[in-house]
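For reference, final-v8.csv is printed below; it contains CSV, C-alpha atoms.
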chain,number,residue,atom,x,y,z
L,1,LEU,CA,-19.0,28.3,-22.0
L,2,TRP,CA,-15.9,26.2,-21.3
L,3,ALA,CA,-18.1,23.1,-21.2
L,4,VAL,CA,-19.5,23.9,-24.6
L,5,ALA,CA,-16.0,24.4,-26.0
L,6,PHE,CA,-14.8,21.1,-24.5
L,7,TRP,CA,-17.9,19.3,-25.9
L,8,LEU,CA,-17.1,20.6,-29.4
L,9,LEU,CA,-13.5,19.7,-29.0
L,10,ILE,CA,-13.9,16.1,-27.6
L,11,ARG,CA,-17.1,15.3,-29.7
L,12,PRO,CA,-18.5,12.8,-27.2
L,13,GLY,CA,-21.7,12.4,-29.2
L,14,HIS,CA,-25.3,13.3,-28.3
L,15,ILE,CA,-25.8,14.3,-24.7
L,16,THR,CA,-28.4,11.9,-23.4
L,17,ARG,CA,-30.4,12.1,-20.2
L,18,LEU,CA,-28.0,9.6,-18.6
L,19,ILE,CA,-25.0,11.8,-19.4
L,20,GLY,CA,-26.8,14.8,-18.1
L,21,TRP,CA,-27.6,13.2,-14.8
L,22,LEU,CA,-24.1,11.9,-14.5
L,23,ALA,CA,-22.8,15.4,-15.0
L,24,VAL,CA,-25.0,16.7,-12.2
L,25,ALA,CA,-23.9,13.9,-9.9
L,26,ILE,CA,-20.3,14.5,-10.7
L,27,VAL,CA,-20.5,18.2,-10.0
L,28,ALA,CA,-22.3,17.6,-6.7
L,29,ALA,CA,-19.7,15.0,-5.7
L,30,VAL,CA,-16.8,17.3,-6.5
L,31,SER,CA,-18.4,20.1,-4.5
L,32,ILE,CA,-18.7,17.8,-1.5
L,33,LEU,CA,-15.2,16.3,-1.8
L,34,LEU,CA,-13.3,19.6,-2.2
L,35,PRO,CA,-13.8,20.9,1.3
L,36,THR,CA,-13.8,17.4,2.9
L,37,LEU,CA,-11.1,15.5,1.0
L,38,THR,CA,-9.0,18.1,-0.8
L,39,MET,CA,-8.7,20.7,2.0
L,40,THR,CA,-8.0,18.1,4.6
L,41,TRP,CA,-5.3,16.4,2.4
L,42,GLU,CA,-3.7,19.7,1.6
L,43,ASP,CA,-3.8,21.0,5.2
L,44,ALA,CA,-2.2,17.8,6.5
L,45,LEU,CA,0.6,17.7,3.9
L,46,ASP,CA,1.1,21.4,3.2
L,47,LYS,CA,4.9,21.9,3.0
L,48,THR,CA,4.8,24.2,-0.1
L,49,ALA,CA,6.5,27.0,1.8
L,50,ASP,CA,9.9,25.6,0.7
L,51,LEU,CA,10.1,26.8,-2.9
L,52,HIS,CA,13.2,24.6,-3.6
L,53,SER,CA,11.3,21.4,-3.0
L,54,LEU,CA,9.0,20.2,-5.8
L,55,MET,CA,7.6,17.0,-4.3
L,56,PRO,CA,5.3,18.6,-1.7
L,57,TRP,CA,3.6,20.4,-4.6
L,58,ILE,CA,3.0,17.0,-6.3
L,59,TYR,CA,1.8,14.8,-3.4
L,60,GLY,CA,0.4,17.7,-1.3
L,61,VAL,CA,-1.4,19.6,-4.1
L,62,GLY,CA,-1.4,17.7,-7.4
L,63,PHE,CA,-2.5,14.4,-6.1
L,64,ALA,CA,-5.0,15.9,-3.6
L,65,GLU,CA,-6.9,17.8,-6.3
L,66,GLU,CA,-6.6,15.3,-9.1
L,67,VAL,CA,-7.8,12.4,-6.9
L,68,THR,CA,-10.8,14.6,-5.9
L,69,LYS,CA,-11.8,15.1,-9.5
L,70,ALA,CA,-11.1,11.6,-10.6
L,71,LEU,CA,-13.0,9.8,-7.8
L,72,PRO,CA,-16.5,10.7,-9.0
L,73,ILE,CA,-15.6,9.7,-12.6
L,74,LEU,CA,-14.2,6.3,-11.5
L,75,VAL,CA,-17.1,5.5,-9.1
L,76,ALA,CA,-19.7,6.5,-11.8
L,77,ALA,CA,-18.0,4.4,-14.5
L,78,LEU,CA,-17.6,1.3,-12.2
L,79,LEU,CA,-21.2,1.6,-10.9
L,80,LEU,CA,-22.6,1.9,-14.4
L,81,ARG,CA,-20.6,-1.2,-15.5
L,82,TRP,CA,-21.2,-3.4,-12.5
L,83,VAL,CA,-24.7,-2.5,-11.5
L,84,TRP,CA,-26.5,-1.3,-14.7
L,85,LYS,CA,-24.2,-3.1,-17.2
L,86,VAL,CA,-23.8,0.1,-19.2
L,87,THR,CA,-20.5,1.0,-20.9
L,88,LEU,CA,-19.9,4.5,-22.2
L,89,ASP,CA,-17.4,5.6,-24.9
L,90,VAL,CA,-14.0,6.8,-23.6
L,91,ARG,CA,-14.7,10.3,-25.1
L,92,VAL,CA,-17.9,10.6,-23.0
L,93,TRP,CA,-15.8,10.0,-19.8
L,94,MET,CA,-13.2,12.5,-21.0
L,95,PHE,CA,-16.0,15.1,-21.4
L,96,LEU,CA,-17.4,14.3,-18.0
L,97,GLY,CA,-13.9,14.7,-16.6
L,98,THR,CA,-13.7,18.2,-18.0
L,99,VAL,CA,-17.1,18.9,-16.3
L,100,ALA,CA,-15.6,17.6,-13.0
L,101,GLY,CA,-12.6,19.9,-13.6
L,102,LEU,CA,-14.7,22.9,-14.3
L,103,ALA,CA,-16.8,22.3,-11.2
L,104,PHE,CA,-13.6,22.1,-9.1
L,105,GLY,CA,-12.2,25.2,-10.7
L,106,VAL,CA,-15.3,27.2,-10.2
L,107,THR,CA,-15.7,26.2,-6.5
L,108,GLU,CA,-12.0,26.9,-5.9
L,109,SER,CA,-12.3,30.3,-7.6
L,110,VAL,CA,-15.1,31.3,-5.3
L,111,ARG,CA,-12.9,30.4,-2.3
L,112,TYR,CA,-9.8,32.3,-3.6
L,113,THR,CA,-11.8,35.3,-4.8
L,114,SER,CA,-13.4,35.7,-1.3
L,115,SER,CA,-9.9,35.5,0.2
L,116,TYR,CA,-8.6,38.2,-2.3
L,117,LEU,CA,-11.5,40.5,-1.5
L,118,THR,CA,-10.8,40.2,2.3
L,119,GLN,CA,-7.1,41.0,1.7
L,120,GLY,CA,-8.1,44.0,-0.4
L,121,ASN,CA,-10.3,45.4,2.3
L,122,GLN,CA,-7.6,45.0,4.9
L,123,LYS,CA,-4.6,46.4,3.0
L,124,ALA,CA,-4.3,49.3,0.7
L,125,GLY,CA,-2.6,49.2,-2.7
L,126,LEU,CA,-3.8,45.7,-3.7
L,127,ASP,CA,-6.4,46.8,-6.3
L,128,VAL,CA,-4.4,45.8,-9.4
L,129,PRO,CA,-3.1,42.4,-8.0
L,130,LEU,CA,-6.6,41.7,-6.8
L,131,ILE,CA,-8.1,42.3,-10.3
L,132,LEU,CA,-5.4,40.2,-11.9
L,133,ASN,CA,-5.8,37.3,-9.5
L,134,PHE,CA,-9.6,37.5,-9.8
L,135,ALA,CA,-9.3,37.4,-13.7
L,136,GLN,CA,-6.9,34.4,-13.6
L,137,ARG,CA,-9.1,32.4,-11.2
L,138,VAL,CA,-12.4,33.1,-13.0
L,139,PHE,CA,-11.2,32.7,-16.6
L,140,VAL,CA,-8.3,30.3,-16.4
L,141,ASP,CA,-8.6,28.2,-13.3
L,142,GLY,CA,-11.5,26.1,-14.4
L,143,PHE,CA,-9.9,25.6,-17.8
L,144,GLN,CA,-6.7,24.3,-16.2
L,145,HIS,CA,-8.5,21.9,-13.9
L,146,ALA,CA,-10.7,20.7,-16.8
L,147,VAL,CA,-7.7,19.9,-19.0
L,148,TRP,CA,-6.0,17.8,-16.2
L,149,ALA,CA,-9.2,16.1,-15.2
L,150,GLY,CA,-10.0,15.3,-18.9
L,151,ILE,CA,-6.6,13.5,-19.2
L,152,ALA,CA,-7.3,11.5,-16.1
L,153,ALA,CA,-10.8,10.6,-17.2
L,154,PHE,CA,-9.5,9.4,-20.6
L,155,PHE,CA,-7.4,6.7,-18.9
L,156,ILE,CA,-10.2,5.9,-16.4
L,157,GLY,CA,-12.5,5.3,-19.3
L,158,MET,CA,-9.9,3.0,-20.9
L,159,GLY,CA,-9.4,1.2,-17.6
L,160,VAL,CA,-13.1,0.5,-17.1
L,161,ASN,CA,-13.5,-0.7,-20.7
L,162,TYR,CA,-10.4,-2.9,-20.7
L,163,ARG,CA,-10.2,-4.5,-17.3
L,164,ARG,CA,-7.0,-6.6,-17.9
L,165,ARG,CA,-5.0,-3.4,-17.5
L,166,ARG,CA,-7.5,-1.5,-15.4
L,167,ILE,CA,-5.4,-0.7,-12.4
L,168,PRO,CA,-2.2,0.4,-14.3
L,169,LEU,CA,-4.3,2.6,-16.6
L,170,ILE,CA,-6.2,4.3,-13.8
L,171,LEU,CA,-3.1,4.8,-11.7
L,172,PHE,CA,-1.2,6.3,-14.6
L,173,GLY,CA,-4.3,8.4,-15.5
L,174,VAL,CA,-4.3,10.0,-12.1
L,175,THR,CA,-0.5,10.2,-11.7
L,176,LEU,CA,0.2,12.0,-15.0
L,177,PRO,CA,-2.1,15.0,-14.4
L,178,ALA,CA,-1.2,15.1,-10.7
L,179,VAL,CA,2.5,15.5,-11.6
L,180,LEU,CA,1.7,18.1,-14.3
L,181,HIS,CA,-0.5,19.9,-11.8
L,182,GLY,CA,2.1,19.9,-9.0
L,183,VAL,CA,4.9,21.1,-11.3
L,184,ASN,CA,2.7,23.7,-12.8
L,185,ASP,CA,1.8,25.2,-9.4
L,186,TRP,CA,5.4,25.0,-8.2
L,187,THR,CA,6.5,27.0,-11.3
L,188,THR,CA,4.1,29.8,-10.5
L,189,GLN,CA,6.2,30.6,-7.4
L,190,LEU,CA,9.4,31.0,-9.4
L,191,ALA,CA,10.7,34.4,-10.6
L,192,SER,CA,10.7,33.3,-14.2
L,193,HIS,CA,7.3,32.2,-15.7
L,194,TRP,CA,8.7,30.5,-18.8
L,195,LEU,CA,8.7,27.1,-17.1
L,196,TRP,CA,5.0,27.7,-16.1
L,197,ILE,CA,4.2,28.6,-19.7
L,198,LEU,CA,5.9,25.4,-20.8
L,199,MET,CA,3.9,23.3,-18.3
L,200,GLU,CA,0.7,24.9,-19.5
L,201,ALA,CA,1.6,24.1,-23.1
L,202,VAL,CA,2.6,20.5,-22.3
L,203,SER,CA,-0.7,19.9,-20.5
L,204,MET,CA,-2.8,21.4,-23.3
L,205,LEU,CA,-0.9,19.5,-26.0
L,206,LEU,CA,-1.4,16.2,-24.2
L,207,PHE,CA,-5.1,17.0,-23.7
L,208,ILE,CA,-5.6,17.9,-27.4
L,209,GLY,CA,-3.6,14.8,-28.5
L,210,TYR,CA,-5.8,12.4,-26.4
L,211,THR,CA,-8.9,14.2,-27.6
L,212,MET,CA,-8.0,14.0,-31.3
L,213,SER,CA,-6.6,10.4,-31.0
L,214,ALA,CA,-9.1,8.8,-28.6
L,215,ALA,CA,-10.9,6.7,-31.2
L,216,THR,CA,-7.6,5.7,-32.9
L,217,ILE,CA,-5.9,4.8,-29.5
L,218,GLU,CA,-8.9,2.6,-28.6
L,219,ARG,CA,-8.8,0.8,-31.9
L,220,GLN,CA,-5.1,0.1,-31.4
L,221,VAL,CA,-5.7,-1.1,-27.8
L,222,ARG,CA,-8.5,-3.3,-29.0
L,223,ASP,CA,-6.0,-5.1,-31.4
L,224,THR,CA,-3.2,-5.4,-28.8
L,225,PRO,CA,-2.8,-8.8,-27.1
L,226,LEU,CA,-2.3,-7.1,-23.7
L,227,PHE,CA,-5.9,-5.8,-23.9
L,228,ARG,CA,-7.7,-7.9,-26.5
L,229,GLY,CA,-10.4,-10.1,-25.2
L,230,ASP,CA,-11.1,-8.0,-22.1
L,231,SER,CA,-13.0,-5.2,-23.6
L,232,MET,CA,-16.3,-4.4,-22.1
L,233,ILE,CA,-17.4,-3.2,-25.5
L,234,MET,CA,-16.2,-6.0,-27.8
L,235,GLY,CA,-15.9,-9.6,-27.2
L,236,ALA,CA,-12.7,-11.7,-27.5
L,237,VAL,CA,-11.3,-12.2,-30.9
L,238,PRO,CA,-10.8,-16.0,-31.5
L,239,ALA,CA,-7.2,-16.9,-32.0
L,240,ALA,CA,-7.8,-18.8,-35.2
L,241,ASP,CA,-9.8,-16.0,-36.8
L,242,HIS,CA,-7.1,-13.5,-35.8
L,243,ALA,CA,-4.4,-15.7,-37.3
L,244,GLU,CA,-6.4,-16.1,-40.5
L,245,SER,CA,-7.0,-12.3,-40.7
L,246,GLY,CA,-3.3,-11.8,-40.2

Go ahead and express the file in the form of structure tokens.
Amino acid sequence: LWAVAFWLLIRPGHITRLIGWLAVAIVAAVSILLPTLTMTWEDALDKTADLHSLMPWIYGVGFAEEVTKALPILVAALLLRWVWKVTLDVRVWMFLGTVAGLAFGVTESVRYTSSYLTQGNQKAGLDVPLILNFAQRVFVDGFQHAVWAGIAAFFIGMGVNYRRRRIPLILFGVTLPAVLHGVNDWTTQLASHWLWILMEAVSMLLFIGYTMSAATIERQVRDTPLFRGDSMIMGAVPAADHAESG
């Protein structure tokens, strides 16, 4: 249901067979990377017991999980471009990013729900917290991860299509949601939840902003000297023609 909602919001166009197979491959990759990459990363750098320190939540949780979701998108985009010479619209990659986020959220929800059920069987009086945690994980967790992964995929798509600024775009695209993710998780440990609500709102507003402005941003980037001429979609604009049009 969330995937349908994101498709209607992002409007990536007709879902072709290629996009369908990409979605299947991305879901499979995320399912493999979560226990192998994410869990290993988090176990090695887990210093989140100190609630006064924010950075462990960013580099130990935010980056671990956002890199896991971004890697399949980046590899798929580069392989399509380098091997099959196929370039997809930025909004398609943004939608596939939300698919990666939903896959991550669902897989993570299963793990946490199993843990909650075990705790409920071992300790009495945990019925209400168990139900609340279960509801949060099932109905919200996938949505949160999809929003952050969608932001990252937007910049990954831009980086693949405009290779002159590929590395900065991709690095920024992963760093932004990783920081949002880390701060968001850190705020859930605080007594007041207002900061958590603020982080949720900021993440959602950024996602909606990029969703609504994707085509406009790409047109502006296409006309910017920093990017113009390196688009995988459009060829270089001759300097003379550009001067005359100006």

Each residue of range 129-189 of chain L with at least one atom at most 10 Å from range 87-111 of chain L should appear once, together with its nearest atom pair and the corresponding distance in Å (one decimal); atoms considered: only C-alpha atoms; ordering: chain, then increasing residue number; output as JSON lines.
{"residue": "L:Asn133", "atom": "CA", "partner": "L:Ser109", "partner_atom": "CA", "distance": 9.7}
{"residue": "L:Phe134", "atom": "CA", "partner": "L:Ser109", "partner_atom": "CA", "distance": 8.0}
{"residue": "L:Ala135", "atom": "CA", "partner": "L:Ser109", "partner_atom": "CA", "distance": 9.8}
{"residue": "L:Gln136", "atom": "CA", "partner": "L:Ser109", "partner_atom": "CA", "distance": 9.1}
{"residue": "L:Arg137", "atom": "CA", "partner": "L:Ser109", "partner_atom": "CA", "distance": 5.3}
{"residue": "L:Val138", "atom": "CA", "partner": "L:Ser109", "partner_atom": "CA", "distance": 6.1}
{"residue": "L:Phe139", "atom": "CA", "partner": "L:Ser109", "partner_atom": "CA", "distance": 9.4}
{"residue": "L:Val140", "atom": "CA", "partner": "L:Gly105", "partner_atom": "CA", "distance": 8.6}
{"residue": "L:Asp141", "atom": "CA", "partner": "L:Gly105", "partner_atom": "CA", "distance": 5.4}
{"residue": "L:Gly142", "atom": "CA", "partner": "L:Gly105", "partner_atom": "CA", "distance": 3.9}
{"residue": "L:Phe143", "atom": "CA", "partner": "L:Leu102", "partner_atom": "CA", "distance": 6.5}
{"residue": "L:Gln144", "atom": "CA", "partner": "L:Gly101", "partner_atom": "CA", "distance": 7.8}
{"residue": "L:His145", "atom": "CA", "partner": "L:Gly101", "partner_atom": "CA", "distance": 4.6}
{"residue": "L:Ala146", "atom": "CA", "partner": "L:Gly101", "partner_atom": "CA", "distance": 3.8}
{"residue": "L:Val147", "atom": "CA", "partner": "L:Thr98", "partner_atom": "CA", "distance": 6.3}
{"residue": "L:Trp148", "atom": "CA", "partner": "L:Gly101", "partner_atom": "CA", "distance": 7.4}
{"residue": "L:Ala149", "atom": "CA", "partner": "L:Gly97", "partner_atom": "CA", "distance": 5.1}
{"residue": "L:Gly150", "atom": "CA", "partner": "L:Gly97", "partner_atom": "CA", "distance": 4.6}
{"residue": "L:Ile151", "atom": "CA", "partner": "L:Met94", "partner_atom": "CA", "distance": 6.9}
{"residue": "L:Ala152", "atom": "CA", "partner": "L:Gly97", "partner_atom": "CA", "distance": 7.4}
{"residue": "L:Ala153", "atom": "CA", "partner": "L:Met94", "partner_atom": "CA", "distance": 4.9}
{"residue": "L:Phe154", "atom": "CA", "partner": "L:Met94", "partner_atom": "CA", "distance": 4.8}
{"residue": "L:Phe155", "atom": "CA", "partner": "L:Val90", "partner_atom": "CA", "distance": 8.1}
{"residue": "L:Ile156", "atom": "CA", "partner": "L:Trp93", "partner_atom": "CA", "distance": 7.7}
{"residue": "L:Gly157", "atom": "CA", "partner": "L:Val90", "partner_atom": "CA", "distance": 4.8}
{"residue": "L:Met158", "atom": "CA", "partner": "L:Val90", "partner_atom": "CA", "distance": 6.2}
{"residue": "L:Gly159", "atom": "CA", "partner": "L:Val90", "partner_atom": "CA", "distance": 9.4}
{"residue": "L:Val160", "atom": "CA", "partner": "L:Thr87", "partner_atom": "CA", "distance": 8.3}
{"residue": "L:Asn161", "atom": "CA", "partner": "L:Thr87", "partner_atom": "CA", "distance": 7.2}

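The space separating CA of Tyr59 in chain L from CA of Ala178 in chain L comes to 7.9 Å.
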
Practice task
Identify, on the basis of all atoms listed in the file, every residue whose closest approach to range 33-38 of chain L does not exceed 8 Å; exclude the query and any residue fewer than 5 positions from it along the same chain; express the result as a PyMOL selection string.
Solution key: chain L and resi 64-65+68+104

Handout entry: Nearest to Leu78 in chain L by atom-to-atom distance, counting all atoms listed in the file, from L:Tyr112, L:Phe63, L:Tyr162, L:Trp41
Key = L:Tyr162

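When CA of Trp186 in chain L is paired with CA of Ser31 in chain L, their separation reads 24.6 Å.
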
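Remark: for Pro56 in chain L, the closest of the candidate residues L:His193, L:Arg219, L:His181, L:Arg163 is L:His181 (distances computed over all atoms listed in the file).
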
Exercise for the section: Would you mind listing what lies within 12 Å of range 52-54 of chain L as a ChimeraX atom specification, with all atoms listed in the file counted and same-chain residues fewer than 6 positions away left out? Expected result: /L:46,60-62,179-190

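Here CA of Phe6 in chain L is placed at a distance of 24.5 Å from CA of Thr113 in chain L.
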
Around all the atoms of range 59-67 of chain L listed in the file, with 6 Å of room on each side, what axis-aligned box do you get, giving centre and edge lengths in Å to one decimal, as JSON?
{"center_x": -3.0, "center_y": 16.0, "center_z": -5.2, "size_x": 21.6, "size_y": 19.2, "size_z": 19.8}

Completion exercise
Using all atoms listed in the file, the shortest atom-to-atom distance to Ala23 in chain L among L:Leu171, L:Leu45, L:Pro72, L:Val202 belongs to L:Pro72

Completion exercise
Restricting to all atoms listed in the file, whichever of L:Met55, L:Gly173, L:Pro225, L:Ala5 is closest to Leu74 in chain L is L:Gly173

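Closest to Met204 in chain L among L:Ala191, L:Leu130, L:Pro177, L:Ile170 is L:Pro177, based on all atoms listed in the file.
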